[in-house]
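Q: Structure incoming, see below.
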Amino acid sequence: MLKNLAKTILFSLLLTLFVLPETLRAQNITTSHGVSLFGPLLYEPDFKHFAYVNPNAPRGGTIVRDIPPFDSINRYITLGTPPAFADLFIAETLMVESADEPNSAYGLIAETIRYPADYSWVEFTIRDVARWNDGRPLTVDDVIYSFELIRDHAAPSFQVFVSDVEKAERIGRNTVRFTFRSAGNRSNMYNIATQVPVFAKHYWETRDFSQPTTTISVQSTPYTVARVDVGNSIILRRDPNYWGRDLPVNIGRHNFDEIRMDVFRDANIAYEAFMAGRVDVREETTPTRWRTGYRTDAVTRGFIQRSENVVRGPLWFVGIGTNGRQPQFRDVQTREALTYAFDWEWTNRNIFHGMYERSNSYFANTELAHQGVPQGREFEFLEPFRSQLDPRVFTQPFSPPNTGGTQQGLRNNLRRATEMLEQAGWRSVNGRLMRDGRPFTINFMLQGPAD
């Protein structure tokens, strides 16, 4: 009987060894040092550092930045206003995005990523060397606990990154698996890799994560918080014992010994502080100031150096968005009429010194940008919704209204806007645009005085 039992066990083991590789091959499992949403990775597994860094950059010194007001340093919750650049010192992610390729990331806390062809789950192998700044190891338990914190207590803007996760579980000593409710969505694993922070379980399990705080003393980041003075400044110091300083994704980065972030309540005052030498670096986003605000002796003599770079890849854009929940903006004709009434060419030339370019896509400057009319797989995707879409989607390449920079062009566009407003039910009554007895009103909401 024991002999038969031994044979049965041996047969089962042989069957397992035979079937498992076939199962893995059928699932087409990928194990990699990085992950990309679009196409192959730029950097090979043995890459030494990102191409855009100087691996021999000198270390030391202090840099002073300006930031808007803050009252909490926990940027992952709804309550409180976190400071800018908080990702430097609050929490790291499993992988870190590279700056010279679209939506691609490489191992930071995670040494490798593993996933099947249908993206129904993803596994991360945690590095043995990963440590918190109190010396304790960073483990799979920390990763699972962090997922639960984000799922249950974070702001909706972070909860969305884990909304499709069915469960997170330990697989072996140092591997964590996230299983998704739906398969086929590659962005699920990318979001887990790059957007979900990892917190120290032994620190946060005795604290209320959902409440604002100005004290987070256990981190795994290259900088630690030396001082928080709400309303005035934050001082960060580079951690000489930072566990990840020699990783390829960190070589050439995090070189300042100290980063001081001074609070300025007004963007114009922050500009004056920079010109007076109280702030070391400034990212100028106001075209008028870029053209006229730096004609000073400090620039001429080289004390202030200006740099204007060409962005290769996805672009930030500035625009005026309409709130579709307001009744006056719900119909398409009204919204399109407003685009005809807006003289972008005049505005760009006279207000923005011709520095802006008009975008016709949310994905401008990438291969995902709108081009021509739908063809191929794009057409196949849109065809079932033809009855719900504007017929022009299938016949005309999209281009925003253009005045050509002339008065006649503006008049033509205003006539077209008037026709569209009338089609939407708007009428001019004693010089006021009215519909259903109510005037057309627009409330403009700005983010700050500089706008």
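FYI, nothing fancy with the structure tokens labels: chains A, B, ... in order, residues from 1 per chain, ligands from 1 as they appear.
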Counting only C-alpha atoms, which residues of range 77-149 of chain A fall within 12 Å of range 30-45 of chain A, and what is the closest atom pair for each with its distance in Å at one decimal, ordered by chain and rising number, as a tab-separated table?
A:
```
residue	atom	partner	partner_atom	distance
A:Leu94	CA	A:Gly34	CA	10.5
A:Met95	CA	A:Gly34	CA	7.7
A:Val96	CA	A:Gly34	CA	9.1
A:Glu97	CA	A:Val35	CA	9.3
A:Ser98	CA	A:Leu42	CA	9.4
A:Ala99	CA	A:Leu42	CA	11.0
A:Asp100	CA	A:Leu42	CA	8.7
A:Glu101	CA	A:Leu42	CA	7.2
A:Pro102	CA	A:Phe38	CA	7.4
A:Asn103	CA	A:Leu37	CA	5.7
A:Ser104	CA	A:Ser36	CA	4.2
A:Ala105	CA	A:Val35	CA	5.4
A:Tyr106	CA	A:Gly34	CA	4.1
A:Gly107	CA	A:His33	CA	5.9
A:Leu108	CA	A:Gly34	CA	9.6
A:Ile109	CA	A:His33	CA	11.5
A:Ala110	CA	A:His33	CA	8.7
A:Glu111	CA	A:His33	CA	6.5
A:Thr112	CA	A:His33	CA	4.8
A:Ile113	CA	A:Ser32	CA	5.4
A:Arg114	CA	A:Thr31	CA	4.3
A:Tyr115	CA	A:Thr30	CA	5.4
A:Pro116	CA	A:Thr30	CA	6.1
A:Ala117	CA	A:Thr30	CA	7.5
A:Asp118	CA	A:Thr30	CA	10.7
A:Tyr119	CA	A:Thr30	CA	10.0
A:Trp121	CA	A:Thr30	CA	11.4
A:Val122	CA	A:Thr30	CA	9.8
A:Glu123	CA	A:Thr31	CA	9.0
A:Phe124	CA	A:Thr31	CA	9.5
A:Thr125	CA	A:His33	CA	10.2
A:Ile126	CA	A:His33	CA	11.9
A:Arg127	CA	A:His33	CA	11.9
```
Q: Write the residues of the selection above to a file with C-alpha atoms, as a tab-separated table (two decimals), in the first residue's frame.
A:
```tsv
chain	number	residue	atom	x	y	z
A	94	LEU	CA	7.04	49.95	-7.20
A	95	MET	CA	8.46	51.26	-10.48
A	96	VAL	CA	9.55	54.68	-11.73
A	97	GLU	CA	8.68	56.26	-15.07
A	98	SER	CA	11.41	57.34	-17.45
A	99	ALA	CA	11.31	60.86	-18.88
A	100	ASP	CA	12.37	60.09	-22.44
A	101	GLU	CA	9.71	57.59	-23.56
A	102	PRO	CA	5.93	57.61	-23.25
A	103	ASN	CA	4.34	55.63	-20.41
A	104	SER	CA	7.28	53.38	-19.64
A	105	ALA	CA	8.61	52.46	-16.19
A	106	TYR	CA	11.48	50.52	-14.66
A	107	GLY	CA	12.01	48.72	-11.37
A	108	LEU	CA	12.41	50.74	-8.18
A	109	ILE	CA	11.01	48.94	-5.12
A	110	ALA	CA	10.10	46.08	-7.46
A	111	GLU	CA	12.99	44.29	-9.14
A	112	THR	CA	10.79	42.62	-11.77
A	113	ILE	CA	7.24	42.65	-13.05
A	114	ARG	CA	5.41	39.53	-14.26
A	115	TYR	CA	2.07	39.32	-16.08
A	116	PRO	CA	0.07	37.13	-18.54
A	117	ALA	CA	-0.94	38.07	-22.08
A	118	ASP	CA	-4.49	38.93	-21.00
A	119	TYR	CA	-3.28	41.24	-18.16
A	121	TRP	CA	-3.07	39.82	-12.96
A	122	VAL	CA	0.36	41.24	-12.27
A	123	GLU	CA	3.15	40.19	-9.93
A	124	PHE	CA	5.99	42.29	-8.52
A	125	THR	CA	9.13	40.87	-6.93
A	126	ILE	CA	10.25	43.17	-4.11
A	127	ARG	CA	13.98	43.89	-3.85
```
Q: Mind checking which residues fall within 8 Å of range 414-422 of chain A, counting only C-alpha atoms, ignoring those fewer than 4 positions away in the same chain, and posting them as a list of chain:residue names?
A: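 The contact residues come out as A:Gln333, A:Thr334, A:Glu336, A:Ala337, A:Leu338, A:Tyr340, A:Ala341, A:Leu410, A:Trp426, A:Arg427.
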Q: I need the residues of range 136-175 of chain A that end up classed as strand (DSSP E or B) by DSSP on the backbone, written out as a PDB file with N, CA and C atoms, in the first residue's frame.
A:
```pdb
ATOM      1  N   PRO A 137      13.205  46.349   6.961  1.00  0.00           N
ATOM      2  CA  PRO A 137      13.027  45.980   5.544  1.00  0.00           C
ATOM      3  C   PRO A 137      11.656  46.351   5.016  1.00  0.00           C
ATOM      4  N   VAL A 165      -8.907  46.280  -8.935  1.00  0.00           N
ATOM      5  CA  VAL A 165      -8.175  45.208  -8.259  1.00  0.00           C
ATOM      6  C   VAL A 165      -9.152  44.376  -7.427  1.00  0.00           C
ATOM      7  N   GLU A 166      -9.199  43.091  -7.692  1.00  0.00           N
ATOM      8  CA  GLU A 166     -10.060  42.190  -6.930  1.00  0.00           C
ATOM      9  C   GLU A 166      -9.403  41.795  -5.612  1.00  0.00           C
ATOM     10  N   LYS A 167      -8.088  41.516  -5.652  1.00  0.00           N
ATOM     11  CA  LYS A 167      -7.383  41.150  -4.425  1.00  0.00           C
ATOM     12  C   LYS A 167      -5.885  41.332  -4.612  1.00  0.00           C
ATOM     13  N   ALA A 168      -5.192  41.513  -3.492  1.00  0.00           N
ATOM     14  CA  ALA A 168      -3.737  41.558  -3.470  1.00  0.00           C
ATOM     15  C   ALA A 168      -3.277  40.494  -2.494  1.00  0.00           C
ATOM     16  N   GLU A 169      -2.295  39.678  -2.888  1.00  0.00           N
ATOM     17  CA  GLU A 169      -1.887  38.563  -2.046  1.00  0.00           C
ATOM     18  C   GLU A 169      -0.398  38.280  -2.197  1.00  0.00           C
ATOM     19  N   ARG A 170       0.162  37.671  -1.173  1.00  0.00           N
ATOM     20  CA  ARG A 170       1.563  37.264  -1.193  1.00  0.00           C
ATOM     21  C   ARG A 170       1.705  35.989  -2.017  1.00  0.00           C
ATOM     22  N   THR A 175       7.167  38.194  -3.282  1.00  0.00           N
ATOM     23  CA  THR A 175       6.378  38.510  -4.473  1.00  0.00           C
ATOM     24  C   THR A 175       4.937  38.791  -4.090  1.00  0.00           C
TER      25      THR A 175
END
```
Q: Which residue, A:Tyr271, A:Phe394, A:Tyr52, A:Phe70, has the smallest gap to Phe381 in chain A when you use only C-alpha atoms?
A: A:Phe394
Q: Can you tell me, as number ranges by chain, what residues are no more than 8 Å from Asp71 in chain A when counting only C-alpha atoms, ignoring any on the same chain fewer than 2 positions away?
A: A: 69, 73, 80-83, 212-214, 230-231
Q: Using the selection just defined, write its residues with N, CA and C atoms as a PDB file, in the first residue's frame.
A:
```pdb
ATOM      1  N   PRO A  69       0.997  77.766  -0.926  1.00  0.00           N
ATOM      2  CA  PRO A  69       0.717  77.397   0.461  1.00  0.00           C
ATOM      3  C   PRO A  69       0.255  75.949   0.600  1.00  0.00           C
ATOM      4  N   ILE A  73       1.233  67.361   4.505  1.00  0.00           N
ATOM      5  CA  ILE A  73       2.196  66.783   3.566  1.00  0.00           C
ATOM      6  C   ILE A  73       1.740  65.419   3.049  1.00  0.00           C
ATOM      7  N   GLY A  80      -7.026  68.559   3.284  1.00  0.00           N
ATOM      8  CA  GLY A  80      -5.748  69.247   3.317  1.00  0.00           C
ATOM      9  C   GLY A  80      -5.229  69.616   1.936  1.00  0.00           C
ATOM     10  N   THR A  81      -4.257  70.530   1.934  1.00  0.00           N
ATOM     11  CA  THR A  81      -3.589  70.965   0.701  1.00  0.00           C
ATOM     12  C   THR A  81      -2.121  70.581   0.786  1.00  0.00           C
ATOM     13  N   PRO A  82      -1.686  69.626  -0.044  1.00  0.00           N
ATOM     14  CA  PRO A  82      -0.289  69.176   0.037  1.00  0.00           C
ATOM     15  C   PRO A  82       0.639  70.128  -0.703  1.00  0.00           C
ATOM     16  N   PRO A  83       1.935  70.079  -0.414  1.00  0.00           N
ATOM     17  CA  PRO A  83       2.897  70.937  -1.102  1.00  0.00           C
ATOM     18  C   PRO A  83       3.267  70.371  -2.463  1.00  0.00           C
ATOM     19  N   PRO A 212      -5.179  64.941   7.662  1.00  0.00           N
ATOM     20  CA  PRO A 212      -3.994  65.722   7.290  1.00  0.00           C
ATOM     21  C   PRO A 212      -2.906  65.617   8.355  1.00  0.00           C
ATOM     22  N   THR A 213      -1.669  65.730   7.949  1.00  0.00           N
ATOM     23  CA  THR A 213      -0.560  65.663   8.887  1.00  0.00           C
ATOM     24  C   THR A 213       0.620  66.463   8.348  1.00  0.00           C
ATOM     25  N   THR A 214       1.450  66.917   9.246  1.00  0.00           N
ATOM     26  CA  THR A 214       2.704  67.561   8.847  1.00  0.00           C
ATOM     27  C   THR A 214       3.898  66.746   9.326  1.00  0.00           C
ATOM     28  N   VAL A 230       4.606  75.166   8.438  1.00  0.00           N
ATOM     29  CA  VAL A 230       3.423  75.458   7.630  1.00  0.00           C
ATOM     30  C   VAL A 230       3.284  76.963   7.426  1.00  0.00           C
ATOM     31  N   GLY A 231       3.065  77.351   6.178  1.00  0.00           N
ATOM     32  CA  GLY A 231       2.952  78.761   5.836  1.00  0.00           C
ATOM     33  C   GLY A 231       4.264  79.401   5.468  1.00  0.00           C
TER      34      GLY A 231
END
```
Q: Closest to Ser361 in chain A among A:Gly293, A:Glu383, A:Ala51, A:Pro397, using only C-alpha atoms?
A: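 Of A:Gly293, A:Glu383, A:Ala51, A:Pro397, the one nearest Ser361 in chain A, counting only C-alpha atoms, is A:Pro397.
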Q: Write out as a VMD selection string all residues of range 202-386 of chain A that DSSP puts in helix (DSSP H, G or I) for this structure's backbone.
A: chain A and resid 202 to 204 267 to 275 287 to 292 297 to 300 327 to 329 332 to 341 344 to 350 376 to 386
Q: Please write the residues from the selection above to a file, keeping N, CA and C atoms, as a short mmCIF file (atom, residue, chain, number, x, y, z; two decimals), in the first residue's frame.
A:
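Written file, out_7.cif:
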```cif
data_model
loop_
_atom_site.label_atom_id
_atom_site.label_comp_id
_atom_site.auth_asym_id
_atom_site.auth_seq_id
_atom_site.Cartn_x
_atom_site.Cartn_y
_atom_site.Cartn_z
N HIS A 202 4.26 49.39 9.62
CA HIS A 202 4.51 49.51 11.06
C HIS A 202 4.40 50.95 11.56
N TYR A 203 4.44 51.91 10.63
CA TYR A 203 4.27 53.31 11.02
C TYR A 203 2.80 53.71 10.96
N TRP A 204 2.13 53.38 9.86
CA TRP A 204 0.78 53.90 9.63
C TRP A 204 -0.31 53.12 10.35
N ALA A 267 1.80 84.14 -7.16
CA ALA A 267 2.78 83.79 -8.18
C ALA A 267 3.63 84.98 -8.58
N ASN A 268 3.06 86.18 -8.54
CA ASN A 268 3.83 87.36 -8.90
C ASN A 268 4.92 87.67 -7.86
N ILE A 269 4.60 87.43 -6.59
CA ILE A 269 5.59 87.63 -5.53
C ILE A 269 6.70 86.59 -5.65
N ALA A 270 6.32 85.36 -6.03
CA ALA A 270 7.34 84.32 -6.23
C ALA A 270 8.30 84.72 -7.34
N TYR A 271 7.78 85.33 -8.38
CA TYR A 271 8.64 85.82 -9.47
C TYR A 271 9.59 86.90 -8.96
N GLU A 272 9.08 87.83 -8.16
CA GLU A 272 9.93 88.88 -7.62
C GLU A 272 11.02 88.31 -6.71
N ALA A 273 10.67 87.26 -5.96
CA ALA A 273 11.66 86.62 -5.08
C ALA A 273 12.77 85.98 -5.91
N PHE A 274 12.40 85.39 -7.02
CA PHE A 274 13.42 84.80 -7.90
C PHE A 274 14.33 85.88 -8.46
N MET A 275 13.75 86.97 -8.91
CA MET A 275 14.55 88.05 -9.49
C MET A 275 15.46 88.68 -8.44
N PRO A 287 3.62 83.43 -20.87
CA PRO A 287 4.31 83.91 -22.07
C PRO A 287 4.72 85.37 -22.00
N THR A 288 3.84 86.24 -21.49
CA THR A 288 4.16 87.66 -21.43
C THR A 288 5.39 87.91 -20.56
N ARG A 289 5.44 87.24 -19.41
CA ARG A 289 6.59 87.42 -18.53
C ARG A 289 7.86 86.83 -19.16
N TRP A 290 7.74 85.74 -19.88
CA TRP A 290 8.91 85.14 -20.51
C TRP A 290 9.50 86.09 -21.55
N ARG A 291 8.62 86.81 -22.26
CA ARG A 291 9.08 87.73 -23.29
C ARG A 291 9.59 89.05 -22.73
N THR A 292 8.95 89.54 -21.68
CA THR A 292 9.26 90.89 -21.22
C THR A 292 9.81 90.97 -19.80
N ASP A 297 19.49 93.39 -16.01
CA ASP A 297 20.95 93.32 -15.98
C ASP A 297 21.42 91.95 -15.50
N ALA A 298 20.65 91.33 -14.60
CA ALA A 298 21.02 90.01 -14.10
C ALA A 298 21.07 88.98 -15.21
N VAL A 299 20.15 89.08 -16.17
CA VAL A 299 20.15 88.17 -17.31
C VAL A 299 21.30 88.51 -18.25
N THR A 300 21.48 89.80 -18.52
CA THR A 300 22.54 90.23 -19.42
C THR A 300 23.92 89.80 -18.92
N PRO A 327 -26.84 73.82 -17.38
CA PRO A 327 -27.82 73.68 -18.48
C PRO A 327 -27.43 74.43 -19.75
N GLN A 328 -26.75 75.60 -19.63
CA GLN A 328 -26.44 76.37 -20.83
C GLN A 328 -25.34 75.72 -21.68
N PHE A 329 -24.64 74.71 -21.12
CA PHE A 329 -23.55 74.08 -21.86
C PHE A 329 -23.86 72.63 -22.28
N VAL A 332 -24.52 70.36 -27.77
CA VAL A 332 -23.30 70.45 -28.56
C VAL A 332 -23.23 71.76 -29.34
N GLN A 333 -24.38 72.22 -29.88
CA GLN A 333 -24.36 73.42 -30.70
C GLN A 333 -23.86 74.63 -29.92
N THR A 334 -24.31 74.75 -28.66
CA THR A 334 -23.87 75.89 -27.85
C THR A 334 -22.37 75.84 -27.61
N ARG A 335 -21.86 74.68 -27.26
CA ARG A 335 -20.43 74.56 -26.98
C ARG A 335 -19.60 74.83 -28.23
N GLU A 336 -20.07 74.34 -29.36
CA GLU A 336 -19.32 74.58 -30.60
C GLU A 336 -19.39 76.04 -31.00
N ALA A 337 -20.54 76.69 -30.75
CA ALA A 337 -20.67 78.11 -31.06
C ALA A 337 -19.64 78.93 -30.29
N LEU A 338 -19.38 78.56 -29.05
CA LEU A 338 -18.40 79.30 -28.26
C LEU A 338 -17.00 79.18 -28.86
N THR A 339 -16.69 78.03 -29.46
CA THR A 339 -15.37 77.90 -30.08
C THR A 339 -15.25 78.78 -31.32
N TYR A 340 -16.37 78.99 -32.01
CA TYR A 340 -16.34 79.91 -33.16
C TYR A 340 -16.23 81.36 -32.70
N ALA A 341 -16.81 81.67 -31.53
CA ALA A 341 -16.79 83.06 -31.06
C ALA A 341 -15.44 83.44 -30.45
N TRP A 344 -8.97 82.82 -31.26
CA TRP A 344 -7.71 82.31 -30.72
C TRP A 344 -6.51 82.96 -31.39
N GLU A 345 -6.58 83.19 -32.68
CA GLU A 345 -5.44 83.76 -33.41
C GLU A 345 -5.08 85.15 -32.87
N TRP A 346 -6.09 85.99 -32.65
CA TRP A 346 -5.83 87.33 -32.11
C TRP A 346 -5.26 87.23 -30.69
N THR A 347 -5.86 86.34 -29.89
CA THR A 347 -5.42 86.18 -28.51
C THR A 347 -3.96 85.72 -28.44
N ASN A 348 -3.61 84.76 -29.24
CA ASN A 348 -2.24 84.23 -29.22
C ASN A 348 -1.25 85.31 -29.65
N ARG A 349 -1.62 86.09 -30.66
CA ARG A 349 -0.70 87.10 -31.18
C ARG A 349 -0.54 88.28 -30.22
N ASN A 350 -1.63 88.72 -29.63
CA ASN A 350 -1.59 89.95 -28.84
C ASN A 350 -1.41 89.74 -27.34
N GLY A 376 -9.12 51.84 -40.52
CA GLY A 376 -8.63 50.62 -39.91
C GLY A 376 -9.35 50.28 -38.62
N ARG A 377 -8.57 49.94 -37.59
CA ARG A 377 -9.16 49.52 -36.32
C ARG A 377 -9.92 50.65 -35.64
N GLU A 378 -9.47 51.89 -35.85
CA GLU A 378 -10.19 53.03 -35.27
C GLU A 378 -11.60 53.11 -35.86
N PHE A 379 -11.71 52.91 -37.17
CA PHE A 379 -13.02 52.92 -37.82
C PHE A 379 -13.88 51.77 -37.30
N GLU A 380 -13.29 50.59 -37.16
CA GLU A 380 -14.03 49.43 -36.67
C GLU A 380 -14.56 49.68 -35.27
N PHE A 381 -13.78 50.38 -34.46
CA PHE A 381 -14.21 50.67 -33.10
C PHE A 381 -15.37 51.66 -33.08
N LEU A 382 -15.34 52.67 -33.95
CA LEU A 382 -16.34 53.74 -33.94
C LEU A 382 -17.62 53.38 -34.70
N GLU A 383 -17.52 52.51 -35.66
CA GLU A 383 -18.65 52.22 -36.54
C GLU A 383 -19.92 51.82 -35.78
N PRO A 384 -19.85 50.96 -34.76
CA PRO A 384 -21.09 50.60 -34.05
C PRO A 384 -21.78 51.78 -33.39
N PHE A 385 -21.06 52.89 -33.19
CA PHE A 385 -21.63 54.06 -32.52
C PHE A 385 -21.96 55.19 -33.50
N ARG A 386 -22.02 54.87 -34.78
CA ARG A 386 -22.21 55.89 -35.81
C ARG A 386 -23.45 56.73 -35.56
#
```
Q: Which residues, written as a list in words, have at least one atom at most 12 Å from Ala84 in chain A, with only C-alpha atoms counted and residues fewer than 2 positions away on the same chain left out?
A: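 My list of contacting residues is Arg65, Asp66, Ile67, Pro68, Pro69, Phe70, Asp71, Ser72, Ile73, Asn74, Arg75, Thr81, Pro82, Ala86, Asp87, Leu88, Phe89, Ile90, Ser233, Ile234, Arg260, Met261, Asp262, Val263 and Phe264 of chain A.
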Q: Excluding same-chain residues fewer than 2 positions from Asn133 in chain A, what lies within 7 Å of it counting only C-alpha atoms, as an MDAnalysis selection string?
A: chainID A and resid 131 135 218:220
Q: Next, dump the selected residues to file, keeping only N, CA and C atoms, as a PDB file, in the first residue's frame.
A:
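In the end it all went to out.pdb:
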```
ATOM      1  N   ARG A 131      14.607  49.220   1.939  1.00  0.00           N
ATOM      2  CA  ARG A 131      14.561  49.510   3.365  1.00  0.00           C
ATOM      3  C   ARG A 131      13.802  50.807   3.634  1.00  0.00           C
ATOM      4  N   GLY A 135      15.601  51.625   9.074  1.00  0.00           N
ATOM      5  CA  GLY A 135      16.392  50.415   8.979  1.00  0.00           C
ATOM      6  C   GLY A 135      15.608  49.145   8.780  1.00  0.00           C
ATOM      7  N   VAL A 218       8.675  57.962   8.761  1.00  0.00           N
ATOM      8  CA  VAL A 218       9.214  56.715   8.214  1.00  0.00           C
ATOM      9  C   VAL A 218       8.915  56.664   6.726  1.00  0.00           C
ATOM     10  N   GLN A 219       9.980  56.722   5.936  1.00  0.00           N
ATOM     11  CA  GLN A 219       9.844  56.743   4.472  1.00  0.00           C
ATOM     12  C   GLN A 219      10.928  55.873   3.858  1.00  0.00           C
ATOM     13  N   SER A 220      10.810  55.637   2.565  1.00  0.00           N
ATOM     14  CA  SER A 220      11.843  54.897   1.839  1.00  0.00           C
ATOM     15  C   SER A 220      12.484  55.772   0.776  1.00  0.00           C
TER      16      SER A 220
END
```
Q: Looking at A:Glu283, A:Glu92, A:Asp451, A:Glu357, which one is nearest to Ala130 in chain A, with distances taken over only C-alpha atoms?
A: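 Under the stated criterion, the closest residue is A:Glu92.
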